[in-house]
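Read the structure below first, then the notes.
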Amino acid sequence: MSDLDTPAHGAATGTGDRSRPRAVLPALCVTQIVSWGTVYYAFPVLNPQITGATGWPAQATTAAFSLALVISALAGIHVGRILDQRGPRAVMTIGSMLGVISLLIVSAAPNLAAFTTGWMLAGLAMAATFYQPAFAALTRWWAPDHVRALTIVTLAGGLASTLFAPLTATLADHLSWRHTYLVLAGILAAVTIPAHTLALGAPWPHAPTAAASHAGEAAAEVGRSRPFLLLAAAFALSAFAMYAVVVALVPLLLERGYTTSQAAWVLGIGGAGQTLGRTLYAALARRTTATARTTILIALGGLTTAAFAAVPGPYALLIAVSVAAGMVRGNLTLLQATAITDRWGATHYGRLSGLLAAPATTAAALAPFAGAALTTPLGGYGPLFLLLAAVSMAAALTAPWTGIPSMPLRDSHKPSGFRSATTRSEP
């Protein structure tokens, strides 16, 4: 075994003149766009057409999508352990294949049971192809300069909704929802399967061995600690609000009289906001502690959600709100990606990040179904967005208690004082 800062069997992990697997970063940029765009962002655009064409209740189709996210959360814990030990190539390649199969099943589903089965398989694909495995790959290969790589891949990933929400709406204008999903499955297969197979084949560097036994015990201890549990709770509440907004935004705008295409563009432009916001994360991180920026960003998420409820138009103003909301979402993605290394180091990043992400992903899974179910008793999507803003504010009130006085899992190879390329230590 080797230290993370030294090449392992020819793999490159360090900085300066130590090269890294060059194809990994551009490949993950492309595959994150396509994976999120086809498996996740197409659904909120197509769901009104799905329910209209099939007569299936919106609550039922949304529940199937939510179930996929629940499965993703549960599977993500095991996927994280596999990534720590074996690397991302097999995980992400198989995940891409499962994603293609799941979209084919969804497109051909004759009934709700088959439709739900397709989404259950999609949940496994999400766990194996979305940000979590990509972040684990970059954190290991790029350590200790991984924040820059994470920023780049999330800058690209933020374009998923910008590209695929309008593309999906355009396809749906000319094709049925079933044929639209067939086209999206073809794009997913053509891009992500070869990219993951060919680009992720570099040898996987081993984690440091000096304190491996202690680190394993400490990882379990960290997972039960109050800061970790409160951080997981804050991210879960924030994710519930954020993902409910993403899925409910198109119905909100349709309720206000906008066309599907107009609503898809408002949703999609949020992706451009994510990309813009992520370019600002490094500057924010240099000026704030991890706890402070967690509180600030989650609170801003609540404010932008409230703005959607308060601003019925004009259309240009809705675009501006969507960009602002996207900027916050983009920063929240990087915030969660670096939360483990900022506080506890990178040795067991896959395991701890899987544990941290599981409640948030579960909350994100329940959010679309809960949002659809609450719309009627609340009297529409506007009141729903106000409720979601309150949930975000509750998360922001939890965030100040997520700091720690020390880093029990600080990696043995890191220089003292290292947190990440852009972060300051906690007080």
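A note on labels: chains of the structure tokens are A, B, ... as shown, every chain counts residues from 1, and ligands are counted from 1 in their shown order.
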
Selection: 10 Å around Leu74 in chain A, only C-alpha atoms, excl. self and same-chain fewer than 5 positions, as a PyMOL selection string:
chain A and resi 69+79+123-124+127+354-355+357-359+361-362

9 Å contact set for range 52-54 of chain A, only C-alpha atoms, chain neighbours under 5 positions out, as number ranges by chain:
A: 47, 111, 176-177

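Of the listed residues A:Val45, A:Ala363, A:Val24, A:Leu249, the one whose atoms come nearest to Ile152 in chain A is A:Val24, with distances taken using only C-alpha atoms.
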
Using only C-alpha atoms, which of the listed residues (A:Thr168, A:Ser225, A:Thr376, A:Ser72) sits closest to Trp344 in chain A?
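Between A:Thr168, A:Ser225, A:Thr376, A:Ser72, the residue approaching Trp344 in chain A most closely is A:Ser225.
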
Contact residues around Gly301 in chain A with only C-alpha atoms at 12 Å, ignoring same-chain residues under 4 positions, as a PyMOL selection string
chain A and resi 235+237-243+245+294-297+305-308+321-333+385-386+388-396

Residue nearest Ala220 in chain A - candidates A:Leu352, A:Ala108, A:Trp204, A:Phe164, atoms counted: only C-alpha atoms
A:Leu352
